[in-house]
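First comes the structure, then the notes that go with it.
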Protein chains: 4
Amino acid sequence: MVKAAVFEKANEPLKIQNFPKPTVEDNAVLVKILSAGICGTDIHVWSGKVPWVKTPVILGHESVGVVEELGKSITHDSMGKPLSEGDRIYWAIGITCGRCYYCLRNSPTRCLNRKAIGLSTPCDKPPHLFGGFAEQIYLPAGTYIFKVPEGLPTLAISAVGCAGPTMIAGLENVEINLNDVVAVQGSGPIGMFGLILSMERGALETIMIGGPAKRLEFAKKVGATHVIDINEVRTPEERIKMVKELTGGYGPDVVMDCTGIPNAIQEAVSIVRDGGRILEVGAYADYGPVPVNPYFITNRQIKIVGSYSKVARHEFEFLRFMGGKWRKYPFREMVTHKFPLERINEAFEVQRSLGGMKVVVLPYGEPPT
Amino acid sequence: MVKAAVFEKANEPLKIQNFPKPTVEDNAVLVKILSAGICGTDIHVWSGKVPWVKTPVILGHESVGVVEELGKSITHDSMGKPLSEGDRIYWAIGITCGRCYYCLRNSPTRCLNRKAIGLSTPCDKPPHLFGGFAEQIYLPAGTYIFKVPEGLPTLAISAVGCAGPTMIAGLENVEINLNDVVAVQGSGPIGMFGLILSMERGALETIMIGGPAKRLEFAKKVGATHVIDINEVRTPEERIKMVKELTGGYGPDVVMDCTGIPNAIQEAVSIVRDGGRILEVGAYADYGPVPVNPYFITNRQIKIVGSYSKVARHEFEFLRFMGGKWRKYPFREMVTHKFPLERINEAFEVQRSLGGMKVVVLPYGEPPT
Amino acid sequence: MVKAAVFEKANEPLKIQNFPKPTVEDNAVLVKILSAGICGTDIHVWSGKVPWVKTPVILGHESVGVVEELGKSITHDSMGKPLSEGDRIYWAIGITCGRCYYCLRNSPTRCLNRKAIGLSTPCDKPPHLFGGFAEQIYLPAGTYIFKVPEGLPTLAISAVGCAGPTMIAGLENVEINLNDVVAVQGSGPIGMFGLILSMERGALETIMIGGPAKRLEFAKKVGATHVIDINEVRTPEERIKMVKELTGGYGPDVVMDCTGIPNAIQEAVSIVRDGGRILEVGAYADYGPVPVNPYFITNRQIKIVGSYSKVARHEFEFLRFMGGKWRKYPFREMVTHKFPLERINEAFEVQRSLGGMKVVVLPYGEPPT
Amino acid sequence: MVKAAVFEKANEPLKIQNFPKPTVEDNAVLVKILSAGICGTDIHVWSGKVPWVKTPVILGHESVGVVEELGKSITHDSMGKPLSEGDRIYWAIGITCGRCYYCLRNSPTRCLNRKAIGLSTPCDKPPHLFGGFAEQIYLPAGTYIFKVPEGLPTLAISAVGCAGPTMIAGLENVEINLNDVVAVQGSGPIGMFGLILSMERGALETIMIGGPAKRLEFAKKVGATHVIDINEVRTPEERIKMVKELTGGYGPDVVMDCTGIPNAIQEAVSIVRDGGRILEVGAYADYGPVPVNPYFITNRQIKIVGSYSKVARHEFEFLRFMGGKWRKYPFREMVTHKFPLERINEAFEVQRSLGGMKVVVLPYGEPPT
Ligand SMILES: [Zn+2]
Ligand SMILES: [Zn+2]
Ligand SMILES: [Zn+2]
Ligand SMILES: [Zn+2]
Ligand SMILES: [Zn+2]
Ligand SMILES: [Zn+2]
Ligand SMILES: [Zn+2]
Ligand SMILES: [Zn+2]
């Protein structure tokens with residue numbers, strides 16, 4: 001039997017249930033979970049803010065595991081590297097159809113037939129195990145599977161396993177130009193990866209606006225030029241003034257809203273320089289509209305660009321990126337809390353309270369790498 | 001003496017005044033106005049909605065004229081074509097400095113030292129004549145001057161003299177891709193030029209949303225696939241439904257808001273397809289904020305892109321475009337009302353009431369070409 | 001039994017053979033060929049210039065047909081439109097894997113596992129019928145199938161069935177900007193479609209360089225601003241001079257080499273304006289190197305951009321384009337020669353001799369639409 | 001009197017001459033030269049390979065100096081910072097007209113009226129001092145002048161004063177995408193800056209192909225993933241093989257040819273991956289054509305992109321970049337040889353022999369900062 005945490009009803013505890021070990025089809029893979037990160041989206045789902053998720057469901061979409069059993073037809077990963085049982089792997093959470101209107105019009109994140117592991121497949125039918133918060137996950141035929149480069153720490157991947165590819169996709173929608181000044185609103189994993197990517201893409205200066213203090217220390221450690229603690233600089237007016245002062249009165253070229261707080265977009269509009277760009281990547285939950293002045297958009301020539309999720313290509317690039325850069329940034333330190341599967345409800349509570357940076361579930365204890 | 005219409009106070013009549021004929025400096029040009037279009041911005045200024053305009057000022061920034069006197073040093077137009085007195089010319093209304101922060105960061109429309117003929121230079125000091133609503137205009141050193149191609153009708157240029165380059169600049173900010181479905185909100189000159197440019201850039205289908213009926217007839221005549229009359233389809237809900245039906249349920253790839261009405265942006269967000277783009281080019285006056293839901297921006301992956309004004313390069317391209325395409329589209333028919341300079345206040349009233357498509361002032365009567 | 005033309009050996013006649021009518025698998029489709037165009041590539045293959053093609057093979061990759069039998073699982077086309085026997089369809093010739101290095105790095109035309117109907121699948125094994133020069137073609141599972149819009153003539157599609165999507169893909173690699181001056185080298189189907197697309201993307205002027213005279217007449221008919229007949233203006237030097245004169249001495253912004261003749265690229269480099277772009281879309285056969293001066297590339301800041309083939313997305317857009325524009329351009333007239341399947345060798349000879357613009361094979365006579 | 005080195009005839013020694021100290025016009029600036037780097041272009045000119053340079057001329061276009069005398073009207077630098085005598089400054093070497101065909105078509109590096117300090121203005125007329133190889137330089141009205149940020153070493157700027165902005169412009173023509181693998185041909189200043197910029201723009205791996213060993217050590221020190229010594233790996237075939245092995249058999253996404261050697265482009269074509277991009281930024285001297293196969297360009301879908309020089313905007317961004325990054329990379333160490341003005345012919349010999357990385361002329365000895 002395989003243990004898994006099942007989400008049934010909003011705001012109620014997840015239940016640990018036992019499922020039969022699945023028979024592995026020819027093109028599927030059964031994977032032992034080494035580490036499963038809790039994403040902000042999981043909390044949104046748990047809080048009942050993502051109505052399209054069908055229950056009962058095993059959540060968990062930023063995981064790393066070890067191949068337990070390979071379907072007969074699978075001998076290589078999605079990139080053509082030989083794959084064996086025991087290999088450490090990471091996988092794309094989404095499969096897009098490639099042939100709907102959105103796929104054919106080059107908007108694959110809008111795919112009408114998109115399936116998302118750990119989110120969109122209920123667990124009431126065999127093989128049940130479609131989410132990361134479990135001892136094992138069943139990756140159906142067609143899943144993009146990538147062998148993890150040797151040495152790359154499992155927890156480094158988990159720390160940004162969803163934030164990473166999401167921001168890589170985001171920066172295809174709002175490009176960073178050389179020498180850009182970039183402000184990031186929100187110092188969670190997605191904001192932190194946005195900060196790092198900005199620097200990697202040649203930002204001249206970066207400003208991290210967030211909290212609490214520990215997160216901002218981390219931001220400075222990875223290289224933020226300036227940090228603004230929202231617990232100290234408490235009003236939008238003060239923060240706008242401070243950002244303007246830090247940027248010669250102009251404002252940053254790019255503002256990334258990674259907060260999930262609706263009002264942040266107003267602050268972003270006030271902060272960004274004339275002719276600047278706002279990446280709206282955080283508004284995954286619906287908290288209703290906020291006032292925005294179209295006059296500013298036209299007259300100050302502002303771009304507001306939404307970016308949602310990612311496709312396999314971005315997860316592939318994410319793993320390449322991590323393979324090359326994990327020694328440069330202490331991603332692993334972003335994991336502030338670790339829980340066994342049995343204590344997943346505590347883990348969710350910690351993540352919800354923003355008490356930590358990244359909370360992970362480790363069904364089999366500390367991963368060897 | 002030279003007659004000109006002077007704007008002194010919001011919502012009061014312009015006054016026809018006499019100014020001394022200027023002495024022409026070496027690099028300046030004195031021009032007899034053939035035709036001066038009234039732009040929506042002139043109406044906004046007149047209504048007191050553009051607080052940065054200093055009075056007294058001669059308005060008028062979409063004009064065509066004939067060289068009355070060339071400064072000694074000027075022998076050619078900005079493109080190197082020989083220039084003589086009597087030549088018909090068009091000119092860029094703005095001069096950017098090329099060396100402020102915005103110019104050097106490639107955002108020249110945000111130039112900190114931008115001067116706009118017919119808008120930003122008061123007429124209380126000699127040579128006074130810095131606007132188009134006059135018998136003559138004085139183009140200072142540095143103005144970009146372009147000889148008008150033979151045959152190209154003066155009134156065709158006036159019809160879209162400001163809308164044209166504004167939309168050419170706008171479409172650098174929101175590109176039209178081949179086969180895009182484009183909806184245009186607003187059937188004034190800027191919307192009409194947006195419609196035409198969309199078709200010129202390869203739109204597969206276009207939807208003009210506006211009114212009154214005469215304008216929509218014109219839209220159909222130039223090639224709009226569909227038109228929606230806001231006087232018949234009166235609620236946003238009905239219009240959204242209709243646009244969705246016309247686009248296979250998806251919505252257009254691009255929506256251009258050319259209305260100047262703040263709520264139009266909400267309708268644009270509802271209309272545009274997932275992953276689509278909104279060009280916000282109409283909000284030149286400040287009517288305050290409207291509610292926008294960040295959740296839609298992220299989750300439906302929408303881009304909202306402001307575009308403001310243009311620089312000389314766009315006016316140059318506009319004139320090239322008109323030189324090549326004026327036979328293809330009946331631009332001249334967009335001029336629905338013509339007034340002598342003395343009756344400029346009537347002209348402004350007609351333009352304000354949206355009674356016509358384009359109102360022009362003709363200080364010397366019907367232009368020969 | 002089903003008749004098909006089999007290519008076995010370079011420069012020898014194709015052989016008409018009989019194959020058993022295939023049993024249609026659940027996700028496959030059997031199609032009656034209405035029209036199959038002969039592409040330049042077919043001639044290259046036939047001439048032995050494309051060494052990777054394995055024989056015996058049924059060539060033919062720009063076809064239109066009627067559904068003869070649908071696999072049990074297929075009820076809709078790739079866009080979700082209901083599909084029945086008797087429906088007219090067009091299909092993508094390539095299937096890319098979506099998961100090799102090139103696919104994941106966003107270069108799907110380089111897919112390492114690409115399969116091309118009518119080119120890369122030999123006919124020695126059942127179901128044999130993998131090419132268009134036959135009475136019927138077997139479209140395997142995964143083929144992108146698109147229902148042809150009502151009214152769109154079968155022969156219009158055949159005329160540019162390969163050239164069209166190839167150029168749509170090409171113009172993603174070299175963008176046409178508004179008001180560009182575009183010269184096209186080569187007046188075959190690919191050059192002609194390049195000409196048309198340039199105009200559709202807002203080119204201000206176009207220059208078609210090719211021959212013979214009939215093709216140039218057609219170019220003028222669809223809207224070319226200038227044509228240069230290589231049979232009259234015989235040397236590159238004369239042609240370069242002429243193009244410079246037609247473009248104010250500067251040269252075109254974009255040159256499209258659609259000739260397949262290696263030296264054309266040298267002429268393109270001489271013709272294109274400083275800072276201009278060359279789309280190299282014709283060099284499908286290997287005729288060896290030609291001299292190019294790197295000094296010109298750096299000092300005159302020239303871009304030379306290769307574009308190869310297309311993917312399903314481009315074929316989808318091609319059919320959308322044709323659905324919207326077939327009344328605007330007389331594509332059907334590009335079909336200058338029609339042959340029954342039995343006379344395919346004559347058809348190949350005509351196409352090789354460039355005696356016509358487009359030669360098609362009609363296994364069942366003139367198509368009804 | 002002011003000493004300057006005058007170039008009169010190809011391959012003959014420069015002559016140190018005395019010129020009268022100029023009277024400074026209202027909008028001009030007289031500058032004491034702190035350091036003047038010798039660029040590859042200076043050597044090309046000296047060798048008679050750049051025929052458009054008119055003599056006698058004072059060469060030198062990558063200099064840093066101290067304001068000796070400000071024209072009356074100048075109080076601020078081009079960015080609006082207050083400027084006084086004694087301030088350290090850097091300046092753009094080119095002034096573009098902003099109104100020729102190329103400027104208006106957004107190709108300002110092709111400006112028909114471009115003036116280049118230290119290259120295009122002969123010294124036979126007052127105020128004579130238009131080049132950097134002199135005790136003082138006269139910057140005419142309109143020159144873009146930028147105050148050097150405090151702390152930024154003069155020699156760091158000189159090391160890459162021309163290479164830096166040239167490559168910043170180059171990377172606008174060939175973008176580096178996140179995770180790109182980049183190979184650089186040529187380990188001189190331009191190649192080295194290309195290497196650094198690639199890393200700054202998010203390259204995953206970099207390969208420096210050059211020599212001698214000292215330069216490659218420097219490349220490794222700044223972060224090159226791999227280096228290939230052309231003195232050890234002597235044939236193109238070996239180098240191609242090695243690069244392919246280092247890149248999983250595919251080849252790099254981007255190859256930058258910074259060699260100035262015509263054959264390098266052939267090697268670039270062989271090295272680059274299918275669908276890859278070649279930045280041709282080194283071919284400043286005309287050594288005639290080399291064989292290139294158009295078949296590779298089409299069939300392997302390669303882009304070859306020339307980039308020439310830069311405009312003021314790039315020099316501005318260069319100085320911003322240096323202000324932010326000079327502590328991160330040891331630019332100053334690239335200066336391997338320093339000479340007083342009197343020994344400039346020795347300096348030219350060293351630079352020509354490629355005996356050093358960067359040779360600078362210091363008219364007043366070691367600069368204080
Ligand atoms: Zn899809
Ligand atoms: Zn997530
Ligand atoms: Zn400016
Ligand atoms: Zn206007
Ligand atoms: Zn592939
Ligand atoms: Zn073909
Ligand atoms: Zn110029
Ligand atoms: Zn140089």
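Residue numbering restarts at 1 for every chain of the structure tokens, chains are lettered A, B, ... in their displayed order, and ligands are numbered from 1 as they appear.
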Identify, counting only C-alpha atoms and all ligand atoms, the protein, DNA and RNA residues located within 10 Å of ligand 4, and give them as a ChimeraX atom specification.
-> /B:37-43,60-62,93,118-119,160-166,190,284,309
Restrict the selected residues to N, CA and C atoms and save them as an mmCIF file, in the first residue's frame.
```cif
data_model
loop_
_atom_site.group_PDB
_atom_site.id
_atom_site.type_symbol
_atom_site.label_atom_id
_atom_site.label_comp_id
_atom_site.auth_asym_id
_atom_site.auth_seq_id
_atom_site.Cartn_x
_atom_site.Cartn_y
_atom_site.Cartn_z
ATOM 1 N N GLY B 37 -6.178 70.125 -38.724
ATOM 2 C CA GLY B 37 -7.207 69.269 -38.147
ATOM 3 C C GLY B 37 -7.388 69.535 -36.663
ATOM 4 N N ILE B 38 -8.600 69.335 -36.183
ATOM 5 C CA ILE B 38 -8.852 69.420 -34.742
ATOM 6 C C ILE B 38 -8.790 68.014 -34.172
ATOM 7 N N CYS B 39 -7.864 67.835 -33.238
ATOM 8 C CA CYS B 39 -7.628 66.517 -32.646
ATOM 9 C C CYS B 39 -8.422 66.397 -31.355
ATOM 10 N N GLY B 40 -8.722 65.176 -30.943
ATOM 11 C CA GLY B 40 -9.375 64.962 -29.658
ATOM 12 C C GLY B 40 -8.610 65.645 -28.530
ATOM 13 N N THR B 41 -7.289 65.667 -28.630
ATOM 14 C CA THR B 41 -6.492 66.303 -27.589
ATOM 15 C C THR B 41 -6.781 67.795 -27.506
ATOM 16 N N ASP B 42 -7.010 68.442 -28.660
ATOM 17 C CA ASP B 42 -7.367 69.863 -28.630
ATOM 18 C C ASP B 42 -8.642 70.076 -27.805
ATOM 19 N N ILE B 43 -9.578 69.175 -27.988
ATOM 20 C CA ILE B 43 -10.837 69.278 -27.235
ATOM 21 C C ILE B 43 -10.584 69.051 -25.744
ATOM 22 N N GLY B 60 -3.317 73.325 -32.296
ATOM 23 C CA GLY B 60 -3.304 72.857 -33.687
ATOM 24 C C GLY B 60 -2.027 72.097 -34.016
ATOM 25 N N HIS B 61 -2.105 70.755 -34.019
ATOM 26 C CA HIS B 61 -0.889 69.962 -34.207
ATOM 27 C C HIS B 61 -1.038 68.906 -35.295
ATOM 28 N N GLU B 62 -2.012 69.047 -36.150
ATOM 29 C CA GLU B 62 -2.044 68.112 -37.296
ATOM 30 C C GLU B 62 -2.351 68.895 -38.567
ATOM 31 N N ILE B 93 5.371 66.997 -34.924
ATOM 32 C CA ILE B 93 4.965 68.001 -33.942
ATOM 33 C C ILE B 93 5.889 68.012 -32.729
ATOM 34 N N GLY B 118 2.143 73.394 -31.272
ATOM 35 C CA GLY B 118 0.687 73.445 -31.162
ATOM 36 C C GLY B 118 0.178 72.986 -29.820
ATOM 37 N N LEU B 119 1.063 72.763 -28.874
ATOM 38 C CA LEU B 119 0.615 72.341 -27.553
ATOM 39 C C LEU B 119 1.433 72.961 -26.421
ATOM 40 N N VAL B 160 -5.976 62.245 -40.698
ATOM 41 C CA VAL B 160 -5.336 61.320 -39.761
ATOM 42 C C VAL B 160 -3.939 61.800 -39.383
ATOM 43 N N GLY B 161 -3.723 63.094 -39.453
ATOM 44 C CA GLY B 161 -2.387 63.667 -39.254
ATOM 45 C C GLY B 161 -1.804 63.426 -37.879
ATOM 46 N N CYS B 162 -2.673 63.256 -36.886
ATOM 47 C CA CYS B 162 -2.196 62.943 -35.542
ATOM 48 C C CYS B 162 -2.481 61.475 -35.230
ATOM 49 N N ALA B 163 -3.672 61.011 -35.612
ATOM 50 C CA ALA B 163 -4.053 59.624 -35.372
ATOM 51 C C ALA B 163 -3.092 58.652 -36.053
ATOM 52 N N GLY B 164 -2.675 58.999 -37.268
ATOM 53 C CA GLY B 164 -1.821 58.105 -38.048
ATOM 54 C C GLY B 164 -0.513 57.777 -37.350
ATOM 55 N N PRO B 165 0.344 58.772 -37.118
ATOM 56 C CA PRO B 165 1.615 58.458 -36.457
ATOM 57 C C PRO B 165 1.432 57.915 -35.038
ATOM 58 N N THR B 166 0.358 58.325 -34.368
ATOM 59 C CA THR B 166 0.111 57.798 -33.019
ATOM 60 C C THR B 166 -0.133 56.292 -33.071
ATOM 61 N N ILE B 190 -8.533 57.843 -34.701
ATOM 62 C CA ILE B 190 -7.481 56.965 -34.202
ATOM 63 C C ILE B 190 -7.915 55.506 -34.297
ATOM 64 N N TYR B 284 -6.173 59.704 -22.996
ATOM 65 C CA TYR B 284 -5.372 60.930 -22.939
ATOM 66 C C TYR B 284 -5.866 61.908 -21.876
ATOM 67 N N SER B 309 1.520 59.048 -27.784
ATOM 68 C CA SER B 309 2.094 59.935 -28.783
ATOM 69 C C SER B 309 3.068 59.211 -29.711
#
```
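Secondary structure from DSSP on the backbone puts strand (DSSP E) at the following positions of segment 254-355 of chain A: Val254, Val255, Met256, Asp257, Arg277, Ile278, Leu279, Glu280, Val290, Pro291, Val292, Lys303, Ile304, Val305, Gly306, Val335, Thr336, His337, Lys338 and Phe339 of chain A.
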task = Write out as a ChimeraX atom specification each polymer residue whose atoms come within 6 Å of segment 11-27 of chain A, counting only C-alpha atoms; drop sequence neighbours fewer than 2 positions from it.
result = /A:1-7,9,46-47,71-74,127,141
Collect all residues with atoms no farther than 8 Å from ligand 1, counting only C-alpha atoms and all ligand atoms, and output them as a PyMOL selection string.
-> chain A and resi 96-104+108+110-114
Could you turn the residues from that selection into a file that holds all heavy atoms, as a compact mmCIF listing (two decimals), in the first residue's frame?
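Saved file out37.txt follows:
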```txt
# COMPACT_ATOMS: atom_id res chain seq x y z
N THR A 96 0.32 19.54 -22.35
CA THR A 96 -0.56 20.30 -23.23
C THR A 96 -0.83 19.48 -24.47
O THR A 96 -0.04 18.60 -24.84
CB THR A 96 0.09 21.64 -23.61
OG1 THR A 96 1.41 21.40 -24.08
CG2 THR A 96 0.20 22.54 -22.38
N CYS A 97 -1.95 19.76 -25.12
CA CYS A 97 -2.40 18.86 -26.19
C CYS A 97 -1.70 19.11 -27.52
O CYS A 97 -1.65 18.24 -28.38
CB CYS A 97 -3.91 18.97 -26.36
SG CYS A 97 -4.46 20.43 -27.26
N GLY A 98 -1.18 20.34 -27.72
CA GLY A 98 -0.50 20.64 -28.98
C GLY A 98 -1.42 20.86 -30.15
O GLY A 98 -0.97 21.19 -31.24
N ARG A 99 -2.72 20.70 -29.96
CA ARG A 99 -3.60 20.82 -31.13
C ARG A 99 -4.92 21.54 -30.88
O ARG A 99 -5.77 21.54 -31.76
CB ARG A 99 -3.81 19.47 -31.80
CG ARG A 99 -4.15 18.34 -30.87
CD ARG A 99 -4.15 17.01 -31.61
NE ARG A 99 -2.83 16.58 -32.00
CZ ARG A 99 -2.53 16.08 -33.21
NH1 ARG A 99 -3.45 15.99 -34.13
NH2 ARG A 99 -1.31 15.69 -33.48
N CYS A 100 -5.05 22.20 -29.74
CA CYS A 100 -6.24 23.04 -29.56
C CYS A 100 -5.96 24.43 -30.13
O CYS A 100 -4.85 24.74 -30.57
CB CYS A 100 -6.64 23.12 -28.10
SG CYS A 100 -5.50 24.09 -27.10
N TYR A 101 -6.98 25.28 -30.10
CA TYR A 101 -6.84 26.63 -30.63
C TYR A 101 -5.66 27.35 -30.00
O TYR A 101 -4.84 27.96 -30.67
CB TYR A 101 -8.14 27.41 -30.39
CG TYR A 101 -8.16 28.80 -30.98
CD1 TYR A 101 -8.27 28.98 -32.35
CD2 TYR A 101 -8.06 29.92 -30.17
CE1 TYR A 101 -8.30 30.26 -32.91
CE2 TYR A 101 -8.09 31.21 -30.71
CZ TYR A 101 -8.20 31.37 -32.08
OH TYR A 101 -8.22 32.62 -32.63
N TYR A 102 -5.56 27.28 -28.67
CA TYR A 102 -4.50 28.01 -27.99
C TYR A 102 -3.13 27.42 -28.29
O TYR A 102 -2.16 28.14 -28.52
CB TYR A 102 -4.77 28.08 -26.49
CG TYR A 102 -5.91 29.00 -26.17
CD1 TYR A 102 -7.11 28.54 -25.65
CD2 TYR A 102 -5.80 30.36 -26.45
CE1 TYR A 102 -8.17 29.41 -25.40
CE2 TYR A 102 -6.85 31.23 -26.20
CZ TYR A 102 -8.03 30.75 -25.67
OH TYR A 102 -9.07 31.61 -25.44
N CYS A 103 -3.03 26.11 -28.30
CA CYS A 103 -1.74 25.49 -28.63
C CYS A 103 -1.31 25.90 -30.04
O CYS A 103 -0.16 26.27 -30.26
CB CYS A 103 -1.84 23.98 -28.52
SG CYS A 103 -1.80 23.40 -26.80
N LEU A 104 -2.25 25.85 -30.98
CA LEU A 104 -1.88 26.15 -32.37
C LEU A 104 -1.66 27.64 -32.59
O LEU A 104 -0.99 28.03 -33.54
CB LEU A 104 -2.97 25.62 -33.32
CG LEU A 104 -2.91 24.10 -33.52
CD1 LEU A 104 -4.16 23.61 -34.26
CD2 LEU A 104 -1.67 23.69 -34.31
N PRO A 108 0.42 28.03 -25.53
CA PRO A 108 0.18 26.70 -24.96
C PRO A 108 -0.17 26.70 -23.47
O PRO A 108 -0.83 25.78 -23.00
CB PRO A 108 1.49 25.94 -25.21
CG PRO A 108 2.51 26.99 -25.44
CD PRO A 108 1.79 28.18 -26.03
N ARG A 110 -2.39 28.28 -22.25
CA ARG A 110 -3.86 28.37 -22.24
C ARG A 110 -4.51 27.12 -22.81
O ARG A 110 -5.73 27.11 -23.04
CB ARG A 110 -4.34 29.58 -23.08
CG ARG A 110 -3.64 30.87 -22.88
CD ARG A 110 -3.60 31.34 -21.47
NE ARG A 110 -4.87 31.16 -20.79
CZ ARG A 110 -5.00 31.06 -19.48
NH1 ARG A 110 -3.95 31.08 -18.70
NH2 ARG A 110 -6.17 30.92 -18.93
N CYS A 111 -3.73 26.07 -23.04
CA CYS A 111 -4.24 24.84 -23.67
C CYS A 111 -5.58 24.44 -23.06
O CYS A 111 -5.74 24.37 -21.84
CB CYS A 111 -3.22 23.71 -23.48
SG CYS A 111 -3.84 22.12 -24.05
N LEU A 112 -6.52 24.16 -23.94
CA LEU A 112 -7.86 23.82 -23.48
C LEU A 112 -7.92 22.42 -22.88
O LEU A 112 -8.89 22.07 -22.19
CB LEU A 112 -8.85 23.91 -24.66
CG LEU A 112 -9.05 25.33 -25.20
CD1 LEU A 112 -9.78 25.30 -26.52
CD2 LEU A 112 -9.82 26.17 -24.18
N ASN A 113 -6.90 21.61 -23.14
CA ASN A 113 -6.90 20.23 -22.65
C ASN A 113 -5.74 19.97 -21.69
O ASN A 113 -5.32 18.84 -21.52
CB ASN A 113 -6.81 19.28 -23.85
CG ASN A 113 -7.87 19.59 -24.88
OD1 ASN A 113 -9.06 19.63 -24.55
ND2 ASN A 113 -7.46 19.85 -26.11
N ARG A 114 -5.23 21.02 -21.11
CA ARG A 114 -4.08 20.91 -20.22
C ARG A 114 -4.40 20.05 -19.01
O ARG A 114 -5.44 20.21 -18.36
CB ARG A 114 -3.71 22.32 -19.74
CG ARG A 114 -2.40 22.43 -19.06
CD ARG A 114 -2.07 23.90 -18.87
NE ARG A 114 -0.74 24.08 -18.34
CZ ARG A 114 -0.49 24.32 -17.04
NH1 ARG A 114 -1.47 24.39 -16.17
NH2 ARG A 114 0.75 24.47 -16.63
```
Select, as a PyMOL selection string, those residues of chain C with any atom no more than 6 Å from chain B (distances computed using only C-alpha atoms). chain C and resi 200-202
Can those selected residues be exported to a file as a CSV table (one decimal), in the first residue's frame so that it contains N, CA and C atoms?
```
chain,number,residue,atom,x,y,z
C,200,GLU,N,0.8,41.8,-47.4
C,200,GLU,CA,-0.2,41.6,-46.3
C,200,GLU,C,0.4,42.1,-45.0
C,201,ARG,N,1.7,42.1,-44.8
C,201,ARG,CA,2.3,42.5,-43.6
C,201,ARG,C,2.7,44.0,-43.7
C,202,GLY,N,2.3,44.7,-44.7
C,202,GLY,CA,2.5,46.2,-44.7
C,202,GLY,C,3.7,46.7,-45.5
```
I want to know what sits within 8 Å of Ala268 of chain C, based on only C-alpha atoms, with residues of the same chain fewer than 6 positions away left out; could you give that as a VMD selection string? chain C and resid 255 to 257 278
Legend entry - Long-range neighbours of Ser270 of chain D as a ChimeraX atom specification, 12 Å cut-off, only C-alpha atoms, 2 positions minimum in chain: /D:236-244,249-252,254-255,263-268,272-274,276-278,292-293,296-297,300,302
Can I get the selected residues back with C-alpha atoms, as a tab-separated table (two decimals), in the first residue's frame?
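Here's the written file part.tsv:
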```
chain	number	residue	atom	x	y	z
D	236	PRO	CA	39.25	24.13	-37.72
D	237	GLU	CA	38.31	20.44	-37.92
D	238	GLU	CA	39.73	19.71	-34.50
D	239	ARG	CA	38.11	22.77	-33.00
D	240	ILE	CA	34.73	21.97	-34.53
D	241	LYS	CA	34.95	18.46	-33.14
D	242	MET	CA	35.90	19.73	-29.72
D	243	VAL	CA	33.09	22.27	-29.58
D	244	LYS	CA	30.58	19.66	-30.66
D	249	GLY	CA	26.95	17.01	-30.13
D	250	TYR	CA	24.62	19.91	-30.96
D	251	GLY	CA	26.83	22.98	-31.05
D	252	PRO	CA	26.34	26.30	-29.26
D	254	VAL	CA	25.24	31.41	-30.36
D	255	VAL	CA	28.68	31.91	-31.89
D	263	ASN	CA	37.69	32.29	-42.32
D	264	ALA	CA	36.32	32.39	-38.81
D	265	ILE	CA	32.82	32.71	-40.22
D	266	GLN	CA	33.11	29.33	-41.92
D	267	GLU	CA	34.13	27.77	-38.66
D	268	ALA	CA	31.24	29.56	-36.97
D	272	VAL	CA	26.78	26.61	-34.38
D	273	ARG	CA	23.83	24.38	-33.63
D	274	ASP	CA	21.00	23.94	-36.09
D	276	GLY	CA	21.55	28.87	-34.03
D	277	ARG	CA	22.81	32.42	-34.40
D	278	ILE	CA	26.15	33.88	-35.43
D	292	VAL	CA	29.74	29.98	-47.43
D	293	ASN	CA	27.17	27.34	-48.35
D	296	PHE	CA	23.57	25.16	-44.63
D	297	ILE	CA	21.87	28.47	-43.97
D	300	ARG	CA	20.24	24.14	-40.80
D	302	ILE	CA	21.18	29.52	-39.31
```
